[in-house]
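Chemist: File input18.txt follows (compact mmCIF, C-alpha atoms and all ligand atoms):
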```txt
# COMPACT_ATOMS: atom_id res chain seq x y z
CA MET A 1 3.68 12.25 11.05
CA PHE A 2 1.74 8.99 11.19
CA ILE A 3 1.75 7.52 7.68
CA ASP A 4 -0.79 4.79 7.09
CA GLU A 5 -0.53 4.29 3.35
CA VAL A 6 2.26 4.27 0.77
CA THR A 7 2.68 3.24 -2.84
CA ILE A 8 6.02 1.74 -3.76
CA SER A 9 7.67 -0.39 -6.43
CA VAL A 10 9.28 -3.63 -5.45
CA GLN A 11 11.90 -5.00 -7.78
CA ALA A 12 13.47 -8.39 -7.27
CA GLY A 13 17.03 -8.94 -8.46
CA ARG A 14 17.92 -10.08 -11.95
CA GLY A 15 19.55 -13.47 -12.28
CA GLY A 16 23.26 -13.43 -13.15
CA ASP A 17 24.27 -14.43 -16.68
CA GLY A 18 25.54 -17.87 -17.53
CA ILE A 19 28.89 -17.77 -19.28
CA VAL A 20 30.78 -19.45 -22.08
CA ALA A 21 34.10 -20.84 -20.87
CA PHE A 22 36.36 -23.78 -21.64
CA ARG A 23 38.74 -25.75 -19.53
CA ARG A 24 42.36 -25.00 -20.08
CA ALA A 25 44.37 -27.99 -19.02
CA LYS A 26 48.05 -28.33 -19.77
CA TYR A 27 47.80 -31.24 -22.18
CA GLU A 28 44.26 -30.57 -23.26
CA PRO A 29 44.24 -27.57 -25.65
CA ASN A 30 40.53 -27.91 -26.46
CA GLY A 31 39.13 -28.66 -23.02
CA GLY A 32 35.40 -29.19 -22.57
CA PRO A 33 32.93 -26.44 -21.68
CA SER A 34 33.15 -25.12 -18.13
CA GLY A 35 30.96 -22.01 -18.03
CA GLY A 36 28.85 -21.93 -14.86
CA ARG A 37 25.35 -20.61 -14.42
CA GLY A 38 24.49 -17.20 -13.04
CA GLY A 39 23.39 -16.76 -9.44
CA ARG A 40 19.71 -16.18 -8.72
CA GLY A 41 18.47 -12.64 -8.17
CA GLY A 42 17.42 -11.61 -4.66
CA ASP A 43 13.75 -11.83 -3.62
CA VAL A 44 11.81 -9.00 -2.02
CA PHE A 45 9.94 -9.90 1.16
CA LEU A 46 7.60 -7.83 3.28
CA VAL A 47 8.02 -8.56 6.97
CA ALA A 48 5.51 -7.56 9.63
CA ASP A 49 7.36 -6.17 12.64
CA SER A 50 5.63 -5.11 15.84
CA ASN A 51 8.39 -2.57 16.51
CA VAL A 52 7.36 -0.64 13.43
CA ASN A 53 4.40 1.66 14.09
CA ASP A 54 3.60 3.12 10.72
CA LEU A 55 4.91 3.45 7.17
CA SER A 56 6.85 6.70 7.54
CA HIS A 57 10.17 4.89 7.09
CA ILE A 58 9.33 3.99 3.50
CA ILE A 59 7.26 6.96 2.40
CA ASP A 60 10.32 8.43 0.62
CA LYS A 61 11.69 5.12 -0.57
CA HIS A 62 9.58 4.48 -3.59
CA HIS A 63 11.88 1.88 -5.06
CA GLN A 64 12.70 -1.18 -3.02
CA ASN A 65 15.19 -3.26 -4.95
CA ALA A 66 16.80 -6.57 -4.11
CA LYS A 67 20.29 -7.29 -5.43
CA ASP A 68 21.08 -8.90 -8.78
CA GLY A 69 22.78 -12.29 -9.01
CA LYS A 70 26.39 -12.44 -10.18
CA SER A 71 27.52 -14.00 -13.47
CA GLY A 72 28.68 -17.58 -13.54
CA GLN A 73 32.39 -18.40 -13.63
CA GLY A 74 34.73 -20.89 -15.22
CA SER A 75 35.25 -24.32 -13.70
CA GLU A 76 31.44 -24.69 -13.68
CA LYS A 77 31.13 -22.30 -10.77
CA THR A 78 27.68 -20.80 -10.17
CA GLY A 79 27.65 -17.04 -9.61
CA ALA A 80 26.77 -15.65 -6.19
CA SER A 81 23.06 -15.14 -5.47
CA GLY A 82 21.80 -11.59 -5.04
CA ASP A 83 20.90 -10.63 -1.47
CA ASP A 84 17.20 -10.76 -0.63
CA LEU A 85 15.57 -7.55 0.54
CA PHE A 86 13.36 -7.52 3.63
CA VAL A 87 11.07 -4.52 3.82
CA LYS A 88 9.71 -3.99 7.32
CA VAL A 89 6.08 -3.04 7.67
CA PRO A 90 3.85 -2.64 10.72
CA VAL A 91 1.66 -5.52 11.79
CA GLY A 92 -1.79 -5.04 10.27
CA VAL A 93 -1.01 -3.97 6.72
CA THR A 94 -2.96 -4.93 3.63
CA ILE A 95 -1.20 -5.08 0.28
CA TYR A 96 -2.91 -4.23 -2.99
CA SER A 97 -1.64 -4.12 -6.54
CA VAL A 98 -1.44 -0.75 -8.29
CA PRO A 99 -3.30 0.47 -10.29
CA ASP A 100 -5.91 -2.30 -10.43
CA ARG A 101 -6.21 -2.70 -6.66
CA VAL A 102 -6.20 -6.48 -6.55
CA PHE A 103 -5.94 -7.72 -2.98
CA ILE A 104 -2.61 -9.46 -2.47
CA ALA A 105 -2.17 -10.15 1.23
CA ASP A 106 -2.84 -9.19 4.82
CA LEU A 107 0.03 -9.32 7.29
CA VAL A 108 -1.38 -9.63 10.78
CA GLU A 109 1.20 -11.49 12.82
CA ASP A 110 4.50 -10.26 14.19
CA GLY A 111 7.31 -11.78 12.15
CA GLN A 112 5.08 -12.87 9.28
CA GLU A 113 6.99 -12.80 5.98
CA PHE A 114 5.49 -12.46 2.55
CA LEU A 115 7.37 -13.02 -0.70
CA ILE A 116 6.20 -10.16 -2.86
CA ALA A 117 8.65 -10.26 -5.80
CA LYS A 118 10.66 -13.28 -6.84
CA GLY A 119 14.21 -12.90 -8.09
CA GLY A 120 15.10 -14.05 -11.61
CA ARG A 121 16.81 -17.39 -12.16
CA GLY A 122 20.42 -17.32 -13.23
CA GLY A 123 21.25 -17.91 -16.89
CA LEU A 124 22.73 -21.23 -17.98
CA GLY A 125 26.43 -21.64 -18.63
CA ASN A 126 27.68 -23.41 -21.73
CA VAL A 127 28.18 -26.64 -19.76
CA ARG A 128 24.45 -27.10 -19.95
CA PHE A 129 24.38 -26.96 -23.74
CA MET A 130 26.82 -29.78 -24.34
CA ASN A 131 25.48 -32.88 -26.04
CA PRO A 132 27.02 -35.70 -28.12
CA ARG A 133 26.79 -33.63 -31.28
CA ARG A 134 27.85 -30.38 -29.69
CA GLN A 135 31.03 -30.88 -27.72
CA SER A 136 32.08 -27.24 -27.44
CA PRO A 137 28.97 -25.07 -27.27
CA HIS A 138 29.36 -21.32 -27.57
CA ILE A 139 26.00 -20.83 -25.97
CA ALA A 140 24.98 -19.37 -22.64
CA THR A 141 21.83 -17.56 -21.57
CA THR A 142 21.41 -14.35 -19.65
CA GLY A 143 19.73 -14.26 -16.28
CA GLU A 144 15.99 -13.73 -15.98
CA LYS A 145 14.61 -10.42 -14.90
CA GLY A 146 13.31 -10.26 -11.35
CA GLU A 147 9.61 -9.67 -10.79
CA ARG A 148 8.57 -6.08 -10.42
CA PHE A 149 5.31 -4.83 -8.99
CA ARG A 150 3.83 -1.57 -7.92
CA ILE A 151 1.99 -2.05 -4.68
CA LYS A 152 0.00 -0.03 -2.21
CA ILE A 153 0.49 -0.81 1.45
CA GLU A 154 -2.31 0.25 3.75
CA LEU A 155 -2.10 0.01 7.50
CA LYS A 156 -5.15 -0.96 9.48
CA LEU A 157 -4.37 -0.86 13.16
CA LEU A 158 -4.66 -4.22 14.78
CA ALA A 159 -5.92 -3.72 18.28
CA ASP A 160 -8.01 -5.68 20.70
CA VAL A 161 -10.20 -2.69 21.49
CA GLY A 162 -11.12 0.21 19.22
CA LEU A 163 -12.34 3.45 20.83
CA VAL A 164 -15.22 5.02 18.95
CA GLY A 165 -16.81 8.31 19.97
CA LEU A 166 -17.62 11.86 18.99
CA PRO A 167 -14.81 14.39 19.15
CA ASN A 168 -14.18 15.44 22.75
CA ALA A 169 -15.81 12.32 24.26
CA GLY A 170 -12.62 11.57 26.17
CA LYS A 171 -11.16 8.73 24.08
CA SER A 172 -7.58 9.92 24.30
CA THR A 173 -7.98 10.64 27.99
CA LEU A 174 -9.18 7.07 28.51
CA LEU A 175 -6.29 5.62 26.52
CA GLY A 176 -3.83 7.72 28.55
CA SER A 177 -5.40 6.63 31.83
CA ILE A 178 -5.42 2.89 31.24
CA SER A 179 -2.44 2.26 28.95
CA ASN A 180 1.21 3.09 28.53
CA ALA A 181 0.38 5.64 25.80
CA HIS A 182 0.44 9.42 26.19
CA PRO A 183 -1.94 10.72 23.54
CA LYS A 184 -2.67 14.41 23.23
CA VAL A 185 -5.79 15.49 25.13
CA GLY A 186 -7.59 18.78 24.43
CA GLU A 187 -10.78 20.47 25.56
CA TYR A 188 -11.73 21.09 21.94
CA PRO A 189 -12.92 18.66 19.26
CA PHE A 190 -10.56 17.06 16.73
CA THR A 191 -7.57 16.96 19.05
CA THR A 192 -6.59 13.55 17.76
CA LEU A 193 -5.65 13.70 14.09
CA ASP A 194 -3.84 10.39 13.78
CA PRO A 195 -4.79 7.03 15.23
CA SER A 196 -2.56 5.62 17.95
CA LEU A 197 -2.13 2.45 19.95
CA GLY A 198 -1.63 1.82 23.63
CA VAL A 199 -0.88 -1.35 25.56
CA VAL A 200 -2.80 -2.08 28.77
CA THR A 201 -1.12 -4.34 31.30
CA MET A 202 -3.44 -6.15 33.71
CA PRO A 203 -2.57 -7.00 37.33
CA ASP A 204 -1.99 -10.62 36.21
CA TRP A 205 0.41 -9.31 33.52
CA SER A 206 -1.86 -10.23 30.66
CA ARG A 207 -1.90 -7.47 28.07
CA TYR A 208 -4.24 -6.09 25.49
CA THR A 209 -4.05 -3.23 23.01
CA VAL A 210 -6.35 -0.26 22.56
CA ALA A 211 -6.61 1.95 19.46
CA ASP A 212 -7.54 5.60 19.84
CA ILE A 213 -8.91 7.03 16.63
CA PRO A 214 -9.96 10.58 15.73
CA GLY A 215 -13.51 11.56 16.68
CA LEU A 216 -16.36 10.52 14.46
CA ILE A 217 -19.10 12.92 13.41
CA GLU A 218 -22.36 12.58 11.55
CA GLY A 219 -21.51 12.13 7.87
CA ALA A 220 -18.06 10.64 8.52
CA SER A 221 -18.91 7.68 6.32
CA VAL A 222 -19.42 10.08 3.41
CA GLY A 223 -16.23 11.96 4.18
CA LYS A 224 -17.27 14.60 6.73
CA GLY A 225 -14.89 15.71 9.46
CA LEU A 226 -11.81 13.55 9.27
CA GLY A 227 -13.96 11.20 7.25
CA LEU A 228 -13.35 7.66 6.29
CA GLU A 229 -9.60 7.88 6.42
CA PHE A 230 -9.33 6.44 9.89
CA LEU A 231 -12.47 4.32 10.05
CA ARG A 232 -10.46 1.49 8.59
CA HIS A 233 -8.47 1.48 11.80
CA VAL A 234 -11.41 0.02 13.71
CA GLU A 235 -12.10 -2.53 10.99
CA ARG A 236 -9.74 -5.04 12.50
CA CYS A 237 -10.25 -4.38 16.19
CA ARG A 238 -11.66 -7.34 18.05
CA ILE A 239 -14.13 -5.35 20.07
CA LEU A 240 -15.45 -1.81 19.90
CA LEU A 241 -15.89 0.55 22.81
CA TYR A 242 -18.44 3.28 22.18
CA LEU A 243 -17.51 6.14 24.48
CA ILE A 244 -20.29 8.63 25.20
CA ASP A 245 -19.93 11.97 26.99
CA LEU A 246 -22.76 11.90 29.56
CA SER A 247 -22.38 15.59 30.44
CA GLU A 248 -23.79 16.59 27.04
CA GLY A 249 -27.31 15.31 27.82
CA THR A 250 -27.78 13.65 24.41
CA ALA A 251 -26.34 10.23 25.12
CA VAL A 252 -28.78 8.03 23.19
CA GLU A 253 -28.81 10.27 20.11
CA THR A 254 -25.04 10.33 20.17
CA LEU A 255 -24.84 6.56 20.22
CA GLU A 256 -27.32 6.32 17.36
CA THR A 257 -25.21 8.72 15.31
CA LEU A 258 -22.09 6.64 15.93
CA TRP A 259 -23.88 3.42 15.05
CA LYS A 260 -25.25 4.91 11.87
CA GLU A 261 -21.81 5.94 10.66
CA ILE A 262 -20.17 2.66 11.53
CA LYS A 263 -22.96 0.73 9.86
CA LEU A 264 -22.72 2.80 6.70
CA TYR A 265 -19.01 2.18 6.64
CA SER A 266 -19.21 -1.55 7.16
CA GLU A 267 -21.89 -3.90 8.47
CA GLU A 268 -19.16 -6.31 9.45
CA THR A 269 -17.49 -3.74 11.66
CA PHE A 270 -20.84 -2.84 13.16
CA ALA A 271 -21.46 -6.48 14.04
CA LYS A 272 -18.35 -6.73 16.23
CA PRO A 273 -18.75 -7.36 19.96
CA ALA A 274 -19.13 -3.97 21.66
CA PHE A 275 -19.43 -2.07 24.92
CA ILE A 276 -21.29 1.13 25.59
CA ILE A 277 -19.47 3.30 28.10
CA GLY A 278 -20.73 6.54 29.60
CA ASN A 279 -17.89 8.95 30.40
CA LYS A 280 -17.41 12.04 32.58
CA VAL A 281 -19.57 10.81 35.47
CA ASP A 282 -17.58 13.19 37.69
CA VAL A 283 -19.32 16.21 36.17
CA CYS A 284 -22.79 14.98 35.25
CA ASP A 285 -26.08 14.39 37.08
CA GLU A 286 -26.52 11.09 38.75
CA ASN A 287 -29.18 9.99 36.24
CA ALA A 288 -27.48 11.28 33.11
CA GLY A 289 -26.77 7.77 31.90
CA ALA A 290 -30.07 6.11 32.86
CA GLU A 291 -31.61 6.22 29.41
CA LEU A 292 -28.44 5.05 27.73
CA GLU A 293 -28.19 2.15 30.15
CA LYS A 294 -31.75 1.08 29.32
CA PHE A 295 -30.99 1.36 25.63
CA ALA A 296 -27.93 -0.89 26.06
CA ASN A 297 -29.74 -3.44 28.24
CA ILE A 298 -32.54 -3.92 25.74
CA ARG A 299 -29.93 -4.75 23.11
CA ASN A 300 -28.02 -6.97 25.45
CA ILE A 301 -24.85 -4.89 25.30
CA GLN A 302 -22.74 -4.42 28.42
CA TYR A 303 -22.90 -0.91 29.85
CA MET A 304 -20.70 0.89 32.36
CA GLU A 305 -20.11 4.42 33.60
CA ILE A 306 -16.64 5.83 34.14
CA SER A 307 -14.59 8.94 34.46
CA ALA A 308 -11.60 8.66 32.19
CA ARG A 309 -10.01 11.76 33.69
CA GLU A 310 -10.75 11.11 37.37
CA LYS A 311 -10.05 7.40 36.90
CA ILE A 312 -13.39 6.23 38.27
CA ASN A 313 -14.31 2.58 37.53
CA LEU A 314 -11.36 2.07 35.18
CA ASP A 315 -10.21 -1.17 36.79
CA SER A 316 -13.63 -2.76 36.32
CA LEU A 317 -13.75 -1.52 32.75
CA SER A 318 -10.34 -2.96 32.02
CA GLU A 319 -11.30 -6.30 33.53
CA MET A 320 -14.50 -6.42 31.54
CA MET A 321 -12.62 -5.74 28.30
CA ASN A 322 -9.89 -8.23 29.06
CA LYS A 323 -12.50 -10.92 29.64
CA LYS A 324 -14.34 -10.14 26.42
CA ILE A 325 -11.11 -10.15 24.41
CA LYS A 326 -10.28 -13.62 25.64
CA GLU A 327 -13.66 -14.83 24.44
CA THR A 328 -13.32 -13.24 20.99
CA PRO A 329 -11.23 -14.89 18.28
CA SER A 330 -8.39 -12.91 16.74
CA PRO A 331 -8.47 -12.03 13.07
CA LYS A 332 -6.78 -14.50 10.75
CA SER A 333 -4.27 -13.63 8.12
CA GLN A 334 -5.34 -13.99 4.54
CA VAL A 335 -2.93 -14.39 1.69
CA SER A 336 -4.13 -14.13 -1.84
CA THR A 337 -2.97 -16.50 -4.51
CA GLN A 338 -3.61 -13.90 -7.13
CA ILE A 339 -0.23 -12.26 -6.99
CA ARG A 340 1.21 -14.38 -9.80
CA LEU A 341 -1.62 -13.30 -12.06
CA ILE A 342 -0.78 -9.65 -11.96
CA VAL A 343 1.67 -9.61 -14.86
CA PRO A 344 0.29 -11.36 -17.89
CA LYS A 345 2.93 -13.18 -19.96
CA LYS A 346 3.88 -11.12 -22.95
CA LYS A 347 3.13 -12.61 -26.33
CA VAL A 348 5.36 -12.72 -29.37
CA ASP A 349 4.91 -9.46 -31.22
CA ILE A 350 6.00 -9.12 -34.87
CA THR A 351 5.64 -5.89 -36.84
CA LYS A 352 6.67 -5.09 -40.40
CA VAL A 353 8.79 -1.95 -40.59
CA ASP A 354 10.05 -0.79 -44.02
CA GLY A 355 9.92 -4.35 -45.33
CA ASP A 356 11.82 -5.80 -42.35
CA TYR A 357 10.25 -7.98 -39.66
CA VAL A 358 10.78 -6.75 -36.11
CA VAL A 359 10.28 -9.51 -33.55
CA GLU A 360 9.61 -8.44 -29.97
CA TYR A 361 9.60 -11.14 -27.35
CA GLU A 362 11.78 -10.73 -24.31
CA PRO A 363 12.78 -14.39 -23.84
CA LEU A 364 13.90 -14.64 -27.49
CA GLU A 365 15.71 -11.28 -27.34
CA ARG A 366 17.48 -12.61 -24.30
CA ILE A 367 18.58 -15.74 -26.11
CA VAL A 368 19.89 -13.62 -28.99
CA ARG A 369 21.77 -11.29 -26.64
CA ALA A 370 23.32 -14.18 -24.83
CA THR A 371 24.36 -16.36 -27.71
CA ASP A 372 27.61 -16.20 -29.60
CA LEU A 373 26.23 -15.59 -33.10
CA ASP A 374 29.61 -15.89 -34.79
CA SER A 375 29.57 -19.61 -34.16
CA VAL A 376 27.62 -22.09 -36.27
CA ASP A 377 26.37 -23.67 -33.06
CA GLY A 378 25.04 -20.40 -31.76
CA ARG A 379 23.17 -19.52 -34.94
CA ALA A 380 21.63 -22.99 -35.15
CA PHE A 381 20.58 -22.70 -31.52
CA VAL A 382 18.78 -19.40 -32.09
CA GLN A 383 17.07 -20.82 -35.13
CA ARG A 384 15.82 -23.81 -33.19
CA GLN A 385 14.51 -21.54 -30.46
CA MET A 386 12.67 -19.46 -33.06
CA GLY A 387 11.02 -22.61 -34.30
CA ARG A 388 10.15 -23.75 -30.80
CA ILE A 389 8.60 -20.41 -29.81
CA GLY A 390 6.62 -20.32 -33.05
CA VAL A 391 8.29 -17.23 -34.50
CA GLU A 392 9.17 -18.95 -37.77
CA LYS A 393 5.59 -20.00 -38.37
CA LYS A 394 4.33 -16.52 -37.60
CA LEU A 395 6.85 -14.93 -39.95
CA LYS A 396 5.78 -17.23 -42.75
CA ALA A 397 2.13 -16.46 -42.06
CA MET A 398 2.95 -12.77 -42.36
CA GLY A 399 4.47 -13.41 -45.77
CA ALA A 400 8.16 -13.51 -44.96
CA VAL A 401 10.25 -15.19 -47.67
CA GLU A 402 13.86 -16.30 -47.87
CA GLY A 403 16.23 -13.38 -47.92
CA ASP A 404 13.99 -11.04 -45.89
CA THR A 405 15.50 -9.31 -42.88
CA VAL A 406 14.34 -10.28 -39.41
CA ILE A 407 15.34 -8.04 -36.50
CA ILE A 408 15.47 -9.44 -33.00
CA GLY A 409 16.69 -7.04 -30.35
CA ARG A 410 19.68 -5.33 -31.95
CA VAL A 411 20.58 -8.17 -34.28
CA ARG A 412 19.62 -8.56 -37.96
CA PHE A 413 19.10 -12.04 -39.38
CA THR A 414 18.41 -13.19 -42.90
CA PHE A 415 15.29 -15.31 -43.04
CA GLU A 416 16.08 -18.80 -44.34
N1 LIG B 1 -14.67 16.08 33.55
C1 LIG B 1 -14.17 15.17 32.75
N2 LIG B 1 -13.54 15.57 31.66
C2 LIG B 1 -13.03 14.64 30.86
C3 LIG B 1 -13.10 13.26 31.15
N3 LIG B 1 -12.50 12.60 30.17
C4 LIG B 1 -12.06 13.51 29.29
N4 LIG B 1 -12.37 14.76 29.70
C5 LIG B 1 -12.04 16.01 29.03
O1 LIG B 1 -12.67 16.08 27.77
C6 LIG B 1 -11.87 16.78 26.84
C7 LIG B 1 -11.65 15.95 25.61
O2 LIG B 1 -10.84 14.84 25.92
P1 LIG B 1 -10.03 14.02 24.84
O3 LIG B 1 -9.52 12.83 25.53
O4 LIG B 1 -9.08 14.88 24.12
O5 LIG B 1 -11.22 13.64 23.89
P2 LIG B 1 -11.18 12.78 22.53
O6 LIG B 1 -12.37 11.93 22.51
O7 LIG B 1 -9.87 12.12 22.40
O8 LIG B 1 -11.35 13.94 21.44
P3 LIG B 1 -10.87 13.97 19.91
O9 LIG B 1 -9.45 13.56 19.89
O10 LIG B 1 -11.07 15.38 19.49
O11 LIG B 1 -11.77 13.04 19.17
C8 LIG B 1 -10.59 17.13 27.57
O12 LIG B 1 -10.68 18.46 28.03
C9 LIG B 1 -10.57 16.16 28.74
O13 LIG B 1 -9.86 16.65 29.86
C10 LIG B 1 -13.77 12.89 32.36
O14 LIG B 1 -13.86 11.71 32.71
N5 LIG B 1 -14.27 13.88 33.09
MG MG B 2 -8.47 12.29 21.06
```
Once you've parsed the file, please lay out its structure as structure tokens.
Modeler:
Amino acid sequence: MFIDEVTISVQAGRGGDGIVAFRRAKYEPNGGPSGGRGGRGGDVFLVADSNVNDLSHIIDKHHQNAKDGKSGQGSEKTGASGDDLFVKVPVGVTIYSVPDRVFIADLVEDGQEFLIAKGGRGGLGNVRFMNPRRQSPHIATTGEKGERFRIKIELKLLADVGLVGLPNAGKSTLLGSISNAHPKVGEYPFTTLDPSLGVVTMPDWSRYTVADIPGLIEGASVGKGLGLEFLRHVERCRILLYLIDLSEGTAVETLETLWKEIKLYSEETFAKPAFIIGNKVDVCDENAGAELEKFANIRNIQYMEISAREKINLDSLSEMMNKKIKETPSPKSQVSTQIRLIVPKKKVDITKVDGDYVVEYEPLERIVRATDLDSVDGRAFVQRQMGRIGVEKKLKAMGAVEGDTVIIGRVRFTFE
């Protein structure tokens, strides 16, 4: 099945922990600190790949995780970095945050990479906490968490030409006749249920792509028929080809219906360069397209009659499209800068529970977890951090007095 949207979580790797270690040299029983820092956690990238057609390969992989960094080692060695994760996506996807649907990025070029979740930095080893007053620090910090986001990936086909027509107009037949694609053709409406792409190769070897989308009916823009689902697939086509079945005898009305739906969907899409093409000339009266041609001429839109099935006039059509494509600029990639705003920084949260003060603030909890609290150094370090972060002031403001219990993470302190 053709999957054109998925919601997944991306989790970058956690940084490795810094460690507490000391040199052990033969004649140096109390060697200096030598604990190295943790390696950085792996990043998660999305990579647009033209060999990937849809999102079916990740529909069942809701969690995309990069690897964690390794802990530091003695001799001031930094731990190994976690491997980055590259998630392949088709060219033409748009990324949104979930659930607030903030636009994050468009990937529209083959090979384009986008850093979606940054790995955590490694924690610091005790080497970094040495100073003139503190020659043998028992302090190290744990690695940072990697960024984690829930994102929705939506595919909008990126084609040079988008085929727009009522069901049964002959869109799939046309795609099959001019391109390398073999879409299903049926003599009944709604044969095409999923959009597909074909590549047309010109006699001079230049190439362009054509997107076949399911038939459009009146009310599609409000969800009728196959509805809006696939209309987004023409949103990023460079030019639109309105294909009209001339054997039906209602060519102009048909075109007006198509225009109405496209316009209701998006004025911008409606404003794209377009062609009006009458199809099935092999089975209709000679003048079946006359009115439609007039209609197109008045509006200065190129008109042509073809038979997609009997391959009449297809070379001229292809040439005309190729020329127009060359004159029309390709869509540019947009990348939002908003991504870093998605997760607001958590504030220090202190609650009083049975007379004790429970402090919740991940960076401080991390410091407490990572510090050797049996050492005087370690305890003094935590206390200084509490002052720096403003926890002490907040505790006092809440009425904490000497001797009260303060709980940070799993550790109980006596307020001094
Ligand atoms: N006589 C004639 N029949 C055609 C021509 N082009 C397409 N057809 C027929 O029209 C019918 C519909 O063709 P499709 O290509 O499936 O039409 P479609 O526009 O893709 O239809 P949906 O996928 O339902 O939207 C099929 O029976 C085709 O054989 C043509 O040039 N001449
Ligand atoms: Mg079709």
Chemist: Using only C-alpha atoms and all ligand atoms, determine which residues fall within 7 Å of ligand LIG 1 (chain B), then list them as a PyMOL selection string.
Modeler: chain A and resi 165-174+184-193+214-215+279-283+306-310
Chemist: Please identify all polymer residues lying at most 8 Å from the point (-2.0, -0.7, 15.6) (file coordinates), using all atoms listed in the file, and present the result as a list in words.
Modeler: Asn53, Pro90, Val91, Gly92, Lys156, Leu157, Leu158, Ala159, Ser196, Leu197, Ala211 and His233 of chain A
Chemist: Given only C-alpha atoms as the basis, pick out the residue of A:Phe2, A:Glu76, A:Ala12, A:Gly41 nearest to Ser56 in chain A.
Modeler: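 For Ser56 in chain A, the nearest of the given residues is A:Phe2.
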Chemist: What is the distance, in Å and to one decimal place, between CA of Ala117 in chain A and CA of Glu147 in chain A?
Modeler: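 Computing it gives 5.1 Å between the two atoms.
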Chemist: With all atoms listed in the file as the basis for distance, which of A:Val108, A:Val93, A:Ile59, A:Leu124 is at the shortest distance from Gly72 in chain A?
Modeler: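 Smallest separation from Gly72 in chain A among the options: A:Leu124.
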Chemist: May I ask which of the residues A:Met202, A:Ile277, A:Ile213, A:Ile407 is the closest one to Leu175 in chain A, counting only C-alpha atoms?
Modeler: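 Smallest distance to Leu175 in chain A is found for A:Ile213.
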Chemist: For each of A:Glu5, A:Asp43, A:Glu113, A:Glu327, take the minimum atom-to-atom distance to Lys67 in chain A, counting all atoms listed in the file, then give the residue where this is smallest.
Modeler: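 Of the candidates, the smallest distance to Lys67 in chain A is held by A:Asp43.
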Chemist: Ranking A:Trp259, A:Trp205, A:Phe413, A:Phe270 by minimum distance to Val359 in chain A and counting all atoms listed in the file, which one comes first?
Modeler: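 With all atoms listed in the file as the atom set, the closest residue is A:Phe413.
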Chemist: Using all atoms listed in the file, pick whichever of A:Thr371, A:Thr328, A:Ser136, A:Ser97 has the shortest atom-to-atom distance to Phe22 in chain A.
Modeler: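 The shortest atom-to-atom distance to Phe22 in chain A comes from A:Ser136.
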Chemist: Could you give me, as a list in words, the residues within 10 Å of Asn322 in chain A, counting only C-alpha atoms and dropping anything in the same chain fewer than 6 positions from it?
Modeler: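 My list of contacting residues is Asp160, Val161, Val200, Thr201, Met202, Ser206, Arg207, Tyr208, Thr209 and Ser316 of chain A.
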Chemist: Between CA of Val411 in chain A and CA of Glu365 in chain A, what is the spacing in Å?
Modeler: 9.0 Å
Chemist: For CA of Gly79 in chain A and CA of Leu373 in chain A, determine how far apart the two atoms are, in Å to one decimal place.
Modeler: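 CA of Gly79 in chain A sits 23.6 Å away from CA of Leu373 in chain A.
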Chemist: So which residues fall inside 6 Å of (17.0, -11.5, -8.6) if we count only C-alpha atoms? Mind giving them as a list in words?
Modeler: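 Protein, DNA and RNA residues close to (17.0, -11.5, -8.6): Ala12, Gly13, Arg14, Gly15, Arg40, Gly41, Gly42, Asp43, Asp68, Gly69, Gly82, Gly119, Gly120 and Gly146 of chain A.
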Chemist: Need to verify the contact set: Gly36 in chain A, 9 Å, all atoms listed in the file, exclusion of same-chain residues closer than 3 positions in sequence. Can you return it as an MDAnalysis selection string?
Modeler: chainID A and resid 17:21 71:79 123:128
Chemist: Pick out the residues sitting within 12 Å of Val358 in chain A, and hand them over as a PDB file with C-alpha atoms, keeping the file's coordinate frame; count all atoms listed in the file, and ignore anything fewer than 4 positions along from it in its own chain.
Modeler:
```
ATOM      1  CA  VAL A 348       5.360 -12.720 -29.370  1.00  0.00           C
ATOM      2  CA  ASP A 349       4.910  -9.460 -31.220  1.00  0.00           C
ATOM      3  CA  ILE A 350       6.000  -9.120 -34.870  1.00  0.00           C
ATOM      4  CA  THR A 351       5.640  -5.890 -36.840  1.00  0.00           C
ATOM      5  CA  LYS A 352       6.670  -5.090 -40.400  1.00  0.00           C
ATOM      6  CA  VAL A 353       8.790  -1.950 -40.590  1.00  0.00           C
ATOM      7  CA  ASP A 354      10.050  -0.790 -44.020  1.00  0.00           C
ATOM      8  CA  GLU A 365      15.710 -11.280 -27.340  1.00  0.00           C
ATOM      9  CA  VAL A 391       8.290 -17.230 -34.500  1.00  0.00           C
ATOM     10  CA  LYS A 394       4.330 -16.520 -37.600  1.00  0.00           C
ATOM     11  CA  LEU A 395       6.850 -14.930 -39.950  1.00  0.00           C
ATOM     12  CA  MET A 398       2.950 -12.770 -42.360  1.00  0.00           C
ATOM     13  CA  ALA A 400       8.160 -13.510 -44.960  1.00  0.00           C
ATOM     14  CA  ASP A 404      13.990 -11.040 -45.890  1.00  0.00           C
ATOM     15  CA  THR A 405      15.500  -9.310 -42.880  1.00  0.00           C
ATOM     16  CA  VAL A 406      14.340 -10.280 -39.410  1.00  0.00           C
ATOM     17  CA  ILE A 407      15.340  -8.040 -36.500  1.00  0.00           C
ATOM     18  CA  ILE A 408      15.470  -9.440 -33.000  1.00  0.00           C
ATOM     19  CA  GLY A 409      16.690  -7.040 -30.350  1.00  0.00           C
ATOM     20  CA  ARG A 410      19.680  -5.330 -31.950  1.00  0.00           C
ATOM     21  CA  VAL A 411      20.580  -8.170 -34.280  1.00  0.00           C
ATOM     22  CA  ARG A 412      19.620  -8.560 -37.960  1.00  0.00           C
ATOM     23  CA  PHE A 413      19.100 -12.040 -39.380  1.00  0.00           C
ATOM     24  CA  PHE A 415      15.290 -15.310 -43.040  1.00  0.00           C
TER      25      PHE A 415
END
```
